[in-house]
Amino acid sequence: MTIRRTPRTVRAAGLVAVAVAAALSLTACQGGDKESAQEKKDSASSSASSTRGGGGDSEGARSETGKDRTGEQSASPAADAGTPSTTSKAGAPDRTQKLADGSTAKIYELGDQHYRAKIVSRGSVLATLETNKHDAGLNANDMSVVLTLGGEVHSWMGGGQQGPGTFQLAGGWTAKVKKLGELRYRAQIIGNDGVAATLETNGHDVGLDANGSYIVLSSGGVISA
């Protein structure tokens with residue numbers, strides 16, 4: 001019985017050893033497979049991360065480029081807006097003329113018998129005269145100015161007479177000045193043949209070219225020629 005049991009024990013021990021070895025081998029294989037799979041997963045993850053990182057840099061570069069392009073495009077209109085345009089001559093006077101008090105008249109031709117004169121001193125416009133089917137006149141700071149229908153400007157200092165009343169004027173004319181109301185006066189210009197013209201203020205000065213004699217009636221009733 002002992003002799004028979006011994007071989008069985010040996011065979012059982014051998015089988016156990018073989019089973020243990022197989023189990024260890026299987027465990028080692030599984031561990032190796034897991035490590036290999038983990039390495040592949042880590043490698044794939046690293047590769048994907050690198051790819052994403054590279055893509056991000058590329059997108060960043062494109063984004064920066066896009067920003068630069070956007071900046072250039074948005075700057076262009078500003079640069080164009082800052083570019084000085086060609087100066088138009090539409091606002092330039094047709095001629096200029098010095099006046100009796102040292103100021104300057106800038107004269108513009110607007111149409112047939114239609115003129116405008118801007119009286120300028122030290123860069124500031126002090127007054128504007130405009131003909132519109134009749135002569136225009138102004139009395140300011142003891143200077144009288146007449147702008148005729150032909151675009152001529154005549155100025156002189158002093159010689160004003162306060163109405164109402166009857167006054168002798170240069171050129172042989174007589175003026176009868178009558179007050180009509182606040183800032184409203186009427187002057188009849190009388191020559192050898194009677195009343196030749198009538199000037200009437202209505203809140204502003206008026207002027208007249210009377211055959212080469214220039215007359216101004218102010219809204220305050222001062223007449224000068």
# chains A, B, ... in the order shown; residues from 1 in each chain; ligands from 1
>>> residues_around(residues="stretch 190-200 of chain A", least_positions_apart="3", cutoff="8 Å", atoms="only C-alpha atoms", output="PyMOL selection string")
chain A and resi 172-176+184-187+206-208+217
>>> closest_residue(among="A:Ala170, A:Ile215, A:Val125, A:Val146", to="A:Gln188", atoms="only C-alpha atoms")
A:Ile215
>>> closest_residue(among="A:Ser219, A:Asn132, A:Ser155, A:Asn141", to="A:Lys98", atoms="only C-alpha atoms")
A:Ser155
>>> closest_residue(among="A:Leu169, A:Ala92, A:Ile107, A:Val177", to="A:Ser224", atoms="only C-alpha atoms")
A:Leu169
>>> residues_around(residues="A:Val145", least_positions_apart="5", cutoff="8 Å", atoms="only C-alpha atoms", output="count of residues only")
9
>>> residues_around(residues="A:Pro164", least_positions_apart="5", cutoff="7 Å", atoms="only C-alpha atoms", output="PDB file with C-alpha atoms, in the first residue's frame")
ATOM      1  CA  VAL A 177     -35.358 160.921 -42.639  1.00  0.00           C
ATOM      2  CA  LYS A 178     -38.477 159.879 -40.753  1.00  0.00           C
ATOM      3  CA  LYS A 179     -38.803 157.485 -37.830  1.00  0.00           C
ATOM      4  CA  GLY A 221     -31.606 156.436 -38.036  1.00  0.00           C
TER       5      GLY A 221
END
>>> closest_residue(among="A:Leu147, A:Ala105, A:Met157, A:Ala225", to="A:Ile189", atoms="only C-alpha atoms")
A:Ala225
>>> atom_distance(atom1="atom CA of A:Thr96", atom2="atom CA of A:Gln161")
29.2 Å
>>> select_by_dssp(residues="stretch 70-217 of chain A", states="strand (DSSP E or B)", output="PyMOL selection string")
chain A and resi 95-98+104-111+114-121+124-130+136-140+143-147+153-157+161-162+165-169+173-181+184-191+194-200+206-210+213-217
>>> write_last_selection(atoms="C-alpha atoms", output="short mmCIF file (atom, residue, chain, number, x, y, z; two decimals), in the first residue's frame")
data_model
loop_
_atom_site.label_atom_id
_atom_site.label_comp_id
_atom_site.auth_asym_id
_atom_site.auth_seq_id
_atom_site.Cartn_x
_atom_site.Cartn_y
_atom_site.Cartn_z
CA ARG A 95 -11.86 138.74 -54.62
CA THR A 96 -10.95 140.67 -51.48
CA GLN A 97 -10.80 144.39 -50.79
CA LYS A 98 -9.43 146.52 -47.96
CA THR A 104 -11.18 143.25 -45.31
CA ALA A 105 -14.21 142.54 -47.46
CA LYS A 106 -14.34 139.04 -48.95
CA ILE A 107 -16.62 139.25 -51.97
CA TYR A 108 -18.47 136.26 -53.44
CA GLU A 109 -20.42 136.25 -56.70
CA LEU A 110 -23.57 134.17 -56.16
CA GLY A 111 -25.38 134.92 -59.41
CA HIS A 114 -26.29 138.70 -56.55
CA TYR A 115 -23.20 139.22 -54.38
CA ARG A 116 -22.19 138.62 -50.79
CA ALA A 117 -19.50 140.49 -48.87
CA LYS A 118 -18.09 139.25 -45.57
CA ILE A 119 -16.33 141.89 -43.49
CA VAL A 120 -13.42 140.19 -41.74
CA SER A 121 -11.03 141.50 -39.11
CA SER A 124 -13.36 136.97 -37.42
CA VAL A 125 -16.39 137.79 -39.56
CA LEU A 126 -17.84 141.03 -38.22
CA ALA A 127 -20.75 141.43 -40.62
CA THR A 128 -22.18 140.17 -43.89
CA LEU A 129 -23.76 142.16 -46.72
CA GLU A 130 -25.75 140.58 -49.54
CA ALA A 136 -26.89 146.63 -49.51
CA GLY A 137 -25.36 148.89 -46.87
CA LEU A 138 -23.95 148.85 -43.37
CA ASN A 139 -22.91 151.35 -40.72
CA ALA A 140 -20.62 149.93 -38.03
CA MET A 143 -17.59 153.15 -40.93
CA SER A 144 -20.17 152.99 -43.72
CA VAL A 145 -20.06 150.29 -46.42
CA VAL A 146 -22.13 149.87 -49.58
CA LEU A 147 -22.23 146.69 -51.68
CA VAL A 153 -17.71 147.69 -52.42
CA HIS A 154 -17.33 151.28 -51.20
CA SER A 155 -16.47 152.31 -47.66
CA TRP A 156 -15.75 155.55 -45.78
CA MET A 157 -15.36 156.81 -42.25
CA GLN A 161 -26.10 162.47 -39.34
CA GLN A 162 -28.72 161.36 -36.85
CA GLY A 165 -34.63 165.31 -39.98
CA THR A 166 -33.59 166.74 -43.35
CA PHE A 167 -29.91 166.53 -44.32
CA GLN A 168 -27.69 167.56 -47.21
CA LEU A 169 -25.63 164.69 -48.61
CA TRP A 173 -28.65 164.94 -52.68
CA THR A 174 -31.08 165.80 -49.89
CA ALA A 175 -32.31 163.17 -47.44
CA LYS A 176 -35.53 163.44 -45.48
CA VAL A 177 -35.36 160.92 -42.64
CA LYS A 178 -38.48 159.88 -40.75
CA LYS A 179 -38.80 157.48 -37.83
CA LEU A 180 -41.43 154.77 -38.31
CA GLY A 181 -40.88 152.72 -35.17
CA ARG A 184 -37.38 151.45 -38.37
CA TYR A 185 -36.53 154.57 -40.37
CA ARG A 186 -37.32 155.79 -43.85
CA ALA A 187 -35.18 158.19 -45.90
CA GLN A 188 -36.35 159.86 -49.10
CA ILE A 189 -33.42 160.72 -51.37
CA ILE A 190 -34.33 163.90 -53.24
CA GLY A 191 -32.60 165.34 -56.26
CA GLY A 194 -37.81 165.19 -56.84
CA VAL A 195 -37.64 161.89 -54.96
CA ALA A 196 -35.16 159.64 -56.75
CA ALA A 197 -35.11 156.73 -54.27
CA THR A 198 -36.33 155.62 -50.87
CA LEU A 199 -34.37 153.74 -48.21
CA GLU A 200 -36.18 151.98 -45.36
CA VAL A 206 -29.64 149.55 -45.88
CA GLY A 207 -27.51 151.12 -48.61
CA LEU A 208 -27.84 152.70 -52.04
CA ASP A 209 -25.77 153.52 -55.10
CA ALA A 210 -27.29 156.82 -56.32
CA SER A 213 -23.06 158.59 -54.69
CA TYR A 214 -23.15 155.94 -51.97
CA ILE A 215 -25.63 156.36 -49.12
CA VAL A 216 -26.20 154.29 -45.97
CA LEU A 217 -29.17 154.54 -43.58
#
>>> atom_distance(atom1="atom CA of A:Gly123", atom2="atom CA of A:Leu149")
26.1 Å
>>> closest_residue(among="A:Thr148, A:Gly203, A:Glu182, A:Asp142", to="A:Val222", atoms="only C-alpha atoms")
A:Asp142
>>> atom_distance(atom1="atom CA of A:Arg122", atom2="atom CA of A:Ser218")
24.4 Å
